[in-house]
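Peer 1: Have a peek at coords_35.cif (mmCIF, C-alpha atoms and all ligand atoms).
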```cif
data_data
#
loop_
_atom_site.label_atom_id
_atom_site.label_comp_id
_atom_site.auth_asym_id
_atom_site.auth_seq_id
_atom_site.Cartn_x
_atom_site.Cartn_y
_atom_site.Cartn_z
CA MET J 104 88.41 80.40 116.41
CA ASN J 105 90.69 77.36 116.12
CA GLY J 106 92.74 77.43 119.28
CA LYS J 107 95.26 80.15 120.02
CA THR J 108 95.85 82.15 116.87
CA ILE J 109 93.31 84.39 115.19
CA PRO J 110 93.45 83.43 111.48
CA VAL J 111 93.11 86.05 108.71
CA ALA J 112 90.13 84.21 107.32
CA GLU J 113 88.29 81.04 108.12
CA PRO J 114 85.26 79.56 106.35
CA GLU J 115 82.07 79.09 108.32
CA ILE J 116 80.76 75.66 107.47
CA GLY J 117 77.65 74.41 109.24
CA GLU J 118 74.95 71.76 109.34
CA LYS J 119 73.41 72.72 105.99
CA GLU J 120 76.75 72.25 104.23
CA LEU J 121 77.14 68.84 105.86
CA GLN J 122 73.61 67.89 104.89
CA LEU J 123 73.90 68.86 101.20
CA VAL J 124 77.43 67.47 100.77
CA THR J 125 76.28 64.20 102.35
CA GLU J 126 73.29 64.13 100.01
CA ALA J 127 75.60 64.69 97.02
CA VAL J 128 77.99 61.93 98.10
CA LYS J 129 75.21 59.47 98.93
CA SER J 130 73.50 60.11 95.59
CA GLY J 131 76.54 58.73 93.79
CA TRP J 132 76.70 61.89 91.62
CA VAL J 133 80.12 62.89 92.85
CA SER J 134 81.64 64.10 89.57
CA SER J 135 80.39 66.97 87.46
CA ARG J 136 76.85 65.80 86.84
CA GLY J 137 74.07 66.17 89.36
CA LYS J 138 71.40 68.59 90.42
CA PHE J 139 73.50 70.79 92.69
CA ILE J 140 75.61 72.25 89.87
CA SER J 141 72.75 73.81 87.93
CA GLU J 142 71.05 74.93 91.17
CA PHE J 143 74.23 76.62 92.34
CA GLU J 144 74.69 78.27 88.93
CA GLU J 145 71.11 79.53 88.88
CA GLN J 146 71.33 80.96 92.39
CA PHE J 147 74.66 82.60 91.75
CA ALA J 148 73.45 84.20 88.51
CA ARG J 149 70.44 85.59 90.37
CA PHE J 150 72.72 86.90 93.13
CA CYS J 151 74.82 88.80 90.55
CA GLY J 152 71.86 89.92 88.47
CA THR J 153 73.12 88.15 85.34
CA GLU J 154 71.45 85.79 82.87
CA TYR J 155 74.05 83.02 82.96
CA ALA J 156 76.51 81.43 85.36
CA ILE J 157 79.00 78.68 84.52
CA ALA J 158 80.65 76.89 87.46
CA THR J 159 84.31 75.89 87.17
CA SER J 160 86.94 73.96 89.11
CA ASN J 161 88.48 77.15 90.54
CA GLY J 162 88.75 80.89 90.00
CA THR J 163 91.85 80.64 87.82
CA THR J 164 90.22 78.19 85.39
CA ALA J 165 87.21 80.55 85.36
CA LEU J 166 89.53 83.38 84.28
CA HIS J 167 91.20 81.29 81.57
CA LEU J 168 87.89 79.89 80.31
CA ALA J 169 86.30 83.36 80.24
CA LEU J 170 89.22 84.83 78.28
CA VAL J 171 89.13 82.03 75.69
CA SER J 172 85.34 82.33 75.44
CA LEU J 173 85.76 86.06 74.80
CA GLY J 174 88.08 85.19 71.92
CA ILE J 175 91.34 86.24 73.56
CA GLY J 176 94.46 84.47 72.29
CA LYS J 177 97.82 84.74 70.61
CA ASN J 178 98.98 88.22 69.52
CA HIS J 179 96.41 89.92 71.73
CA GLU J 180 97.08 92.16 74.70
CA VAL J 181 94.99 92.37 77.84
CA ILE J 182 95.19 95.23 80.33
CA VAL J 183 95.46 94.17 83.98
CA PRO J 184 96.32 95.96 87.22
CA THR J 185 99.78 95.07 88.52
CA LEU J 186 98.47 95.02 92.09
CA THR J 187 96.46 91.80 92.02
CA PHE J 188 96.84 88.12 92.72
CA ALA J 189 99.12 86.58 90.07
CA ALA J 190 96.30 84.41 88.68
CA THR J 191 94.82 87.45 86.89
CA ALA J 192 97.96 87.81 84.77
CA ASN J 193 98.67 84.06 84.55
CA ALA J 194 95.32 83.38 82.89
CA VAL J 195 96.09 85.99 80.22
CA ILE J 196 99.45 84.32 79.57
CA TYR J 197 97.83 80.84 79.31
CA THR J 198 95.85 82.09 76.29
CA GLY J 199 99.02 83.20 74.52
CA ALA J 200 98.10 86.87 74.94
CA LYS J 201 100.29 89.38 76.76
CA PRO J 202 99.34 91.15 79.97
CA ALA J 203 99.86 94.94 79.91
CA PHE J 204 100.28 96.08 83.50
CA VAL J 205 98.73 99.28 84.85
CA ASP J 206 99.45 101.10 88.12
CA SER J 207 96.92 101.54 90.96
CA GLU J 208 94.99 104.63 92.02
CA TRP J 209 95.12 105.95 95.60
CA GLU J 210 91.33 106.37 95.91
CA THR J 211 90.36 102.70 95.59
CA TRP J 212 93.73 100.85 95.41
CA ASN J 213 92.40 99.42 92.12
CA ILE J 214 93.55 99.87 88.50
CA ASP J 215 93.98 103.58 87.74
CA PRO J 216 91.65 104.42 84.83
CA LYS J 217 93.75 107.49 83.98
CA LYS J 218 96.72 105.21 83.27
CA ILE J 219 94.87 102.78 80.98
CA ARG J 220 94.73 104.79 77.71
CA PRO J 221 98.53 105.00 77.24
CA LYS J 222 98.71 101.19 77.43
CA ILE J 223 96.22 100.59 74.60
CA THR J 224 97.76 99.36 71.34
CA LYS J 225 96.29 97.96 68.12
CA ASP J 226 96.52 94.49 69.73
CA THR J 227 94.65 95.35 72.92
CA LYS J 228 91.45 93.34 73.16
CA ALA J 229 90.29 93.49 76.77
CA ILE J 230 90.63 95.01 80.22
CA ILE J 231 90.43 92.98 83.42
CA PRO J 232 89.49 95.31 86.27
CA VAL J 233 90.05 93.56 89.62
CA HIS J 234 87.82 94.54 92.55
CA LEU J 235 90.68 94.26 95.01
CA LEU J 236 89.94 93.26 98.62
CA GLY J 237 86.20 93.69 97.98
CA HIS J 238 86.19 97.33 96.78
CA PRO J 239 84.82 97.87 93.25
CA ALA J 240 87.15 99.29 90.62
CA GLU J 241 86.27 102.65 89.01
CA MET J 242 83.98 101.05 86.43
CA LYS J 243 82.37 104.12 84.88
CA GLN J 244 85.63 105.42 83.47
CA ILE J 245 86.84 101.91 82.58
CA LEU J 246 83.63 101.19 80.65
CA GLU J 247 83.96 104.52 78.80
CA ILE J 248 87.50 103.64 77.72
CA ALA J 249 86.34 100.18 76.63
CA GLU J 250 83.51 101.68 74.59
CA GLU J 251 85.83 104.21 72.97
CA HIS J 252 88.41 101.59 71.93
CA ASP J 253 86.09 98.65 71.36
CA LEU J 254 87.59 96.57 74.18
CA LEU J 255 85.98 93.75 76.16
CA ILE J 256 85.65 93.92 79.94
CA LEU J 257 86.20 90.85 82.11
CA GLU J 258 85.70 91.68 85.79
CA ASP J 259 87.90 89.75 88.22
CA ALA J 260 85.48 89.72 91.14
CA ALA J 261 87.23 86.84 92.95
CA GLU J 262 87.38 88.95 96.13
CA ALA J 263 84.17 90.93 95.80
CA HIS J 264 80.99 88.80 95.85
CA GLY J 265 78.06 91.14 96.45
CA ALA J 266 79.98 94.43 96.17
CA THR J 267 78.08 97.11 94.25
CA TYR J 268 78.99 100.01 92.00
CA ASN J 269 76.34 102.70 91.44
CA GLY J 270 73.72 100.18 92.54
CA HIS J 271 74.88 97.39 90.22
CA THR J 272 76.32 94.18 91.65
CA VAL J 273 79.86 93.47 90.49
CA GLY J 274 79.86 90.71 87.94
CA SER J 275 77.07 92.39 85.97
CA LEU J 276 79.06 95.43 84.80
CA GLY J 277 81.16 94.10 81.90
CA ASP J 278 81.00 91.46 79.16
CA ALA J 279 81.73 88.70 81.67
CA ALA J 280 83.07 88.30 85.19
CA ILE J 281 84.69 85.63 87.32
CA PHE J 282 84.48 84.70 91.00
CA SER J 283 86.52 82.37 93.22
CA PHE J 284 85.25 80.06 95.95
CA TYR J 285 88.63 79.21 97.48
CA GLY J 286 88.53 78.54 101.24
CA ASN J 287 89.32 82.13 102.24
CA LYS J 288 86.93 83.83 99.79
CA ILE J 289 83.51 85.24 100.71
CA ILE J 290 81.81 81.90 100.13
CA THR J 291 83.66 78.65 99.54
CA THR J 292 83.27 75.38 97.67
CA GLY J 293 86.72 74.17 98.79
CA GLU J 294 88.15 74.96 95.38
CA GLY J 295 85.79 76.47 92.85
CA GLY J 296 84.99 79.32 90.53
CA MET J 297 82.23 80.84 88.43
CA ILE J 298 81.87 82.82 85.21
CA VAL J 299 78.83 85.08 84.97
CA THR J 300 77.63 86.90 81.86
CA ASN J 301 74.55 88.28 80.15
CA ASP J 302 75.82 87.16 76.74
CA GLU J 303 74.29 83.90 75.56
CA LYS J 304 77.09 83.23 73.06
CA ILE J 305 79.84 83.67 75.65
CA ALA J 306 77.93 81.42 78.07
CA LYS J 307 77.50 78.69 75.45
CA GLU J 308 81.14 78.88 74.40
CA ALA J 309 82.25 78.62 78.03
CA ARG J 310 80.02 75.56 78.63
CA ILE J 311 81.46 73.76 75.60
CA LEU J 312 85.08 74.65 76.40
CA ARG J 313 84.62 73.70 80.07
CA ASP J 314 83.65 70.18 78.99
CA HIS J 315 86.54 69.23 76.67
CA GLY J 316 85.11 71.26 73.79
CA MET J 317 82.47 68.59 73.29
CA SER J 318 79.46 69.41 71.11
CA LEU J 319 76.29 69.97 73.16
CA GLU J 320 74.26 68.09 70.52
CA ARG J 321 76.57 65.28 69.48
CA ARG J 322 78.34 63.28 72.20
CA TYR J 323 82.11 62.77 71.79
CA TRP J 324 82.17 65.16 68.85
CA HIS J 325 84.77 67.89 69.41
CA SER J 326 84.84 70.82 67.04
CA VAL J 327 87.23 72.77 69.26
CA ILE J 328 90.04 71.88 71.67
CA GLY J 329 88.55 72.39 75.11
CA TYR J 330 89.48 71.82 78.72
CA ASN J 331 88.19 69.94 81.71
CA TYR J 332 87.42 72.86 84.01
CA ARG J 333 84.21 71.45 85.50
CA MET J 334 83.01 71.87 89.07
CA THR J 335 81.92 68.71 90.89
CA ASN J 336 78.44 68.14 92.29
CA VAL J 337 80.01 67.82 95.77
CA GLN J 338 81.62 71.27 95.47
CA ALA J 339 78.34 72.71 94.21
CA ALA J 340 76.46 71.19 97.18
CA LEU J 341 78.83 73.02 99.51
CA GLY J 342 78.38 76.21 97.49
CA LEU J 343 74.60 75.97 97.49
CA ALA J 344 74.57 75.69 101.29
CA GLN J 345 76.92 78.69 101.49
CA MET J 346 74.58 80.73 99.26
CA GLU J 347 71.97 80.66 102.04
CA LYS J 348 74.41 82.63 104.18
CA ILE J 349 76.13 84.86 101.63
CA ASP J 350 74.21 88.02 102.60
CA TYR J 351 74.90 87.30 106.26
CA PHE J 352 78.64 86.76 105.56
CA ILE J 353 78.82 90.09 103.72
CA GLU J 354 76.98 91.89 106.50
CA ARG J 355 79.38 90.37 109.06
CA LYS J 356 82.40 91.55 107.02
CA ARG J 357 80.93 95.04 106.77
CA GLU J 358 80.10 95.15 110.47
CA ASN J 359 83.65 94.07 111.36
CA ALA J 360 84.97 96.83 109.09
CA ARG J 361 82.78 99.41 110.84
CA ILE J 362 84.16 98.30 114.20
CA TYR J 363 87.76 98.23 112.93
CA ASN J 364 87.31 101.73 111.44
CA SER J 365 85.93 103.17 114.66
CA LEU J 366 88.74 101.61 116.73
CA LEU J 367 91.54 102.64 114.36
CA LYS J 368 90.44 106.06 113.15
CA GLU J 369 92.22 108.02 115.91
CA ILE J 370 95.58 106.37 115.32
CA PRO J 371 98.00 108.62 113.40
CA ASN J 372 100.02 107.49 110.37
CA LEU J 373 97.52 104.83 109.46
CA VAL J 374 95.29 104.75 106.37
CA LEU J 375 91.90 103.05 106.61
CA PRO J 376 90.44 101.03 103.68
CA PRO J 377 88.99 102.89 100.68
CA LYS J 378 85.32 103.73 100.49
CA ARG J 379 84.34 105.62 97.37
CA SER J 380 80.85 107.11 97.31
CA GLY J 381 78.39 105.13 95.21
CA THR J 382 80.14 101.84 96.01
CA LYS J 383 79.54 99.07 98.50
CA ASN J 384 82.81 97.60 99.74
CA VAL J 385 82.38 94.03 101.01
CA TYR J 386 85.74 94.10 102.85
CA TRP J 387 86.86 90.62 101.79
CA MET J 388 90.03 91.32 103.80
CA TYR J 389 90.04 94.34 106.08
CA SER J 390 93.28 96.09 105.17
CA ILE J 391 95.19 99.17 106.27
CA LEU J 392 98.27 101.07 105.12
CA LEU J 393 101.11 101.83 107.52
CA LYS J 394 103.62 104.65 107.30
CA ASN J 395 106.21 102.55 105.45
CA LYS J 396 107.43 99.00 104.86
CA ASN J 397 109.49 98.93 108.04
CA VAL J 398 106.49 99.72 110.25
CA ARG J 399 104.32 97.26 108.30
CA ASP J 400 106.82 94.43 108.73
CA LYS J 401 107.35 95.21 112.43
CA LEU J 402 103.59 95.27 112.94
CA MET J 403 103.17 91.85 111.32
CA GLU J 404 105.98 90.42 113.45
CA HIS J 405 104.45 91.84 116.60
CA LEU J 406 100.96 90.57 115.76
CA LYS J 407 102.38 87.11 115.20
CA THR J 408 103.84 87.03 118.71
CA LYS J 409 100.37 87.96 120.00
CA GLY J 410 98.68 85.10 118.15
CA ILE J 411 97.22 87.33 115.44
CA ASP J 412 97.64 86.23 111.84
CA SER J 413 98.01 88.86 109.10
CA ARG J 414 99.08 89.05 105.45
CA PRO J 415 101.14 91.57 103.51
CA PHE J 416 99.64 92.95 100.29
CA PHE J 417 100.43 91.16 97.04
CA PHE J 418 103.70 92.01 95.31
CA PRO J 419 103.01 94.03 92.16
CA VAL J 420 102.88 91.25 89.55
CA HIS J 421 105.14 93.11 87.07
CA SER J 422 107.98 93.12 89.63
CA MET J 423 108.35 89.33 89.80
CA PRO J 424 110.81 87.53 87.45
CA PRO J 425 108.41 85.62 85.15
CA TYR J 426 106.48 88.80 84.32
CA ARG J 427 109.32 91.24 83.71
CA ARG J 428 109.35 90.47 79.99
CA PHE J 429 105.92 92.12 79.74
CA VAL J 430 107.18 95.42 81.16
CA GLN J 431 108.53 98.19 78.96
CA LYS J 432 111.64 100.17 79.85
CA ASN J 433 111.08 103.21 82.08
CA GLU J 434 107.65 102.01 83.16
CA CYS J 435 106.97 102.93 86.73
CA PHE J 436 104.23 101.66 89.00
CA SER J 437 104.84 103.89 91.98
CA VAL J 438 101.38 103.73 93.58
CA ALA J 439 101.16 99.93 93.38
CA LYS J 440 104.68 99.61 94.81
CA ASN J 441 103.85 101.98 97.64
CA LEU J 442 100.59 100.17 98.48
CA SER J 443 102.31 96.79 98.29
CA ASN J 444 105.01 97.88 100.75
CA ARG J 445 102.68 99.53 103.24
CA GLY J 446 99.57 97.34 103.15
CA VAL J 447 98.54 94.64 105.59
CA MET J 448 95.43 92.47 105.72
CA LEU J 449 94.07 92.01 109.23
CA PRO J 450 91.92 89.10 110.46
CA SER J 451 88.58 89.28 108.64
CA GLY J 452 86.77 86.04 109.44
CA VAL J 453 83.00 86.26 109.73
CA GLY J 454 83.17 84.62 113.17
CA LEU J 455 85.24 87.43 114.78
CA LYS J 456 83.67 89.16 117.76
CA LYS J 457 83.99 92.71 118.98
CA ASP J 458 86.45 91.71 121.72
CA ASN J 459 88.67 89.99 119.10
CA LEU J 460 88.74 93.25 117.13
CA GLU J 461 89.48 95.28 120.27
CA TYR J 462 92.36 92.94 121.10
CA ILE J 463 93.76 93.19 117.54
CA THR J 464 93.45 96.99 117.21
CA ASN J 465 94.96 97.45 120.66
CA GLU J 466 98.07 95.54 119.53
CA VAL J 467 98.16 97.55 116.28
CA SER J 468 98.11 100.83 118.19
CA LYS J 469 100.92 99.66 120.52
CA VAL J 470 103.27 99.16 117.57
CA ILE J 471 102.33 102.36 115.78
CA SER J 472 102.72 104.52 118.87
CA ASN J 473 106.21 103.12 119.52
CA PRO J 474 108.51 106.15 118.96
CA LEU J 475 111.43 103.87 118.02
CA LEU J 476 109.64 102.97 114.81
CA GLY J 477 109.42 105.15 111.77
C1 LIG G 501 91.67 84.16 94.60
C2 LIG G 501 91.86 84.97 93.39
C3 LIG G 501 91.92 84.42 92.10
C4 LIG G 501 92.04 82.95 91.83
O1 LIG G 501 91.11 82.14 92.38
P1 LIG G 501 91.44 80.59 92.70
O2 LIG G 501 90.08 80.05 93.00
O3 LIG G 501 92.36 80.57 93.88
O4 LIG G 501 92.05 80.00 91.50
C5 LIG G 501 91.98 85.28 91.01
N1 LIG G 501 92.01 86.60 91.17
C6 LIG G 501 92.00 87.18 92.38
C7 LIG G 501 92.04 88.67 92.47
C8 LIG G 501 91.94 86.38 93.53
O5 LIG G 501 91.96 86.97 94.74
#
```
Please express what this file holds, its structure, as structure tokens.

Peer 2:
Amino acid sequence: MNGKTIPVAEPEIGEKELQLVTEAVKSGWVSSRGKFISEFEEQFARFCGTEYAIATSNGTTALHLALVSLGIGKNHEVIVPTLTFAATANAVIYTGAKPAFVDSEWETWNIDPKKIRPKITKDTKAIIPVHLLGHPAEMKQILEIAEEHDLLILEDAAEAHGATYNGHTVGSLGDAAIFSFYGNKIITTGEGGMIVTNDEKIAKEARILRDHGMSLERRYWHSVIGYNYRMTNVQAALGLAQMEKIDYFIERKRENARIYNSLLKEIPNLVLPPKRSGTKNVYWMYSILLKNKNVRDKLMEHLKTKGIDSRPFFFPVHSMPPYRRFVQKNECFSVAKNLSNRGVMLPSGVGLKKDNLEYITNEVSKVISNPLLG
């Protein structure tokens, strides 16, 4: 804990991180060449159960790079949930394609597979299921729809390292997937991202595009306009050290969730996080739903006065000005709106102790049991 307030998330960086980062800096290989990048990629691919992993400068560049490598571009449409971090939709827009927003389902708070089919047009090329807050999206139905309509699947697993769906680790379920290693994600490289895939062609395309579109055989020969989306060796050193603890971090998140659940389950008018059978939720951010927006906002205010940090859910992306042009008339996203108004992320750092969680849930119950609220 850093002083008085309990943060929503805080990376745990130890001696191993210091050792490997120091080694990277001292080696002189501080840009995007050096041994740590390929080691980090290999370990991360193994962790996801995929053939290939391509490290990037952050999760958003991973999304953009993956979409371009999948052949997404102008005049295409890509289906995305509206309840996600804006980067999911932004990356689609960078390619020149249009995002088609889909509402959430109550069961998992993820994209509602039943609402995907009506959004498919002749221009639809891909679906990006987001495993929101660490809970896997309903992949079986999504994969069936993709198969039926010949669509690509890019998993946005930025919040769900190590989550599983019917025994498969997220990241290995579609054509490609992306992860983020931002400071509040399950492991961190400071800024950083990763594409994983089992498709050799996609992997090769992503490697070329990540490095300015330069030919792998002929230096300074560019047969395509690429990007500089590379990860540095210093970032990868940090990531490699974090990989030693990734299973421990996930277990800590799940243990905190078990404690939160047991402390909160008796409180009325409060919805605990989703847990669909056959899935492993990694509880990136332990989140609950309150009765309505008023109670949620009052709760956050109260927690703040008690030195407890919290976050509201994302705004549905379609509702914000730059995205409204992608919404058709009479479209309604009632579940996403409802979740967005009622949801709050509680402190979820891996360093939290049982007494921290008791203190937090005690303050939550004080607000909810206040009869003046409702
Ligand atoms: C964090 C996040 C991203 C973007 O990752 P950055 O590394 O911050 O660029 C994309 N999608 C989702 C769902 C995220 O939570």

Peer 1: Counting all atoms listed in the file, what residues are within 10 Å of ligand LIG 501 (chain G), given as number ranges by chain?

Peer 2: J: 159-166, 184, 186-194, 232-237, 258-263, 281-288, 291-297, 387, 417

Peer 1: I want to know what sits within 9 Å of Asn331 in chain J, based on only C-alpha atoms, with residues of the same chain fewer than 5 positions away left out; could you give that as a list in words?

Peer 2: Thr159, Ser160, Leu312, Arg313, Asp314, His315 and Gly316 of chain J

Peer 1: Go through range 435-477 of chain J and flag each residue having an atom no more than 6 Å from range 202-213 of chain J; for those, report the closest pair of atoms plus their distance in Å to one decimal, using all atoms listed in the file, ordered by chain and rising number, as a tab-separated table.

Peer 2:
```
residue	atom	partner	partner_atom	distance
J:Phe436	CA	J:Asp206	CA	4.9
J:Val438	CA	J:Ser207	CA	5.6
J:Ala439	CA	J:Ser207	CA	5.1
```

Peer 1: Nearest to Ile305 in chain J among J:Thr272, J:Ser437, J:Ser172, J:Ser365, with distances taken over only C-alpha atoms: which residue is it?

Peer 2: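 The closest residue to Ile305 in chain J is J:Ser172.
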
Peer 1: Have a look at CA of Thr300 in chain J and CA of Lys177 in chain J and let me know their distance in Å, one decimal.

Peer 2: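 If I compute the distance from CA of Thr300 in chain J to CA of Lys177 in chain J, I get 23.2 Å.
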
Peer 1: List the neighbours of Glu154 in chain J out to 7 Å using all atoms listed in the file; skip same-chain residues closer than 2 positions along the sequence, and give me the result as a PDB file with C-alpha atoms, in the coordinates of the input.

Peer 2:
```pdb
ATOM      1  CA  ALA J 148      73.450  84.200  88.510  1.00  0.00           C
ATOM      2  CA  GLY J 152      71.860  89.920  88.470  1.00  0.00           C
ATOM      3  CA  THR J 300      77.630  86.900  81.860  1.00  0.00           C
ATOM      4  CA  ASN J 301      74.550  88.280  80.150  1.00  0.00           C
TER       5      ASN J 301
END
```

Peer 1: Would you please work out which residue, of J:Glu466, J:Glu142, J:Glu461, J:Asp412, is nearest to Glu113 in chain J when using only C-alpha atoms?

Peer 2: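 Looking at the shortest contact to Glu113 in chain J, the residue is J:Asp412.
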
Peer 1: What is the CA of Met423 in chain J to CA of Thr185 in chain J distance in Å?

Peer 2: 10.4 Å

Peer 1: Show which residues sit within 12 Å of Glu369 in chain J, as an mmCIF file with C-alpha atoms, in the coordinates of the input. Count only C-alpha atoms, and ignore same-chain residues fewer than 6 positions away.

Peer 2:
```cif
data_model
loop_
_atom_site.group_PDB
_atom_site.id
_atom_site.type_symbol
_atom_site.label_atom_id
_atom_site.label_comp_id
_atom_site.auth_asym_id
_atom_site.auth_seq_id
_atom_site.Cartn_x
_atom_site.Cartn_y
_atom_site.Cartn_z
ATOM 1 C CA TYR J 363 87.760 98.230 112.930
ATOM 2 C CA LEU J 375 91.900 103.050 106.610
ATOM 3 C CA THR J 464 93.450 96.990 117.210
ATOM 4 C CA ASN J 465 94.960 97.450 120.660
ATOM 5 C CA SER J 468 98.110 100.830 118.190
ATOM 6 C CA ILE J 471 102.330 102.360 115.780
ATOM 7 C CA SER J 472 102.720 104.520 118.870
#
```

Peer 1: Tell me which of J:Met346, J:Cys151, J:Ala306, J:Ile463 sits closest to Ile362 in chain J, counting only C-alpha atoms.

Peer 2: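 Using only C-alpha atoms, the shortest distance to Ile362 in chain J belongs to J:Ile463.
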
Peer 1: Kindly give the distance, in Å, that separates CA of Lys378 in chain J and CA of Val420 in chain J, rounded to a single decimal.

Peer 2: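 Taking CA of Lys378 in chain J as the start and CA of Val420 in chain J as the end point, the length is 24.2 Å.
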
Peer 1: Counting all atoms listed in the file, find residues at most 8 Å from (98.3, 103.6, 107.7) (file frame) and give them as a list in words.

Peer 2: Pro371, Asn372, Leu373, Val374, Leu375, Ile391, Leu392, Leu393, Lys394, Arg445 and Gly446 of chain J

Peer 1: May I ask which of the residues J:Arg355, J:Lys432, J:Arg310, J:Arg333 is the closest one to Lys457 in chain J, counting all atoms listed in the file?

Peer 2: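 Looking at the shortest contact to Lys457 in chain J, the residue is J:Arg355.
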
Peer 1: Using all atoms listed in the file for the distances, tell me which of J:Lys383, J:Arg220, J:Lys228, J:His167 is nearest to Val181 in chain J.

Peer 2: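 Distance minimum relative to Val181 in chain J lands on J:Lys228.
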
Peer 1: Between J:Leu402, J:Leu442, J:Asn178, J:Val195, which one has atoms that come closest to Thr224 in chain J, using all atoms listed in the file?

Peer 2: J:Asn178
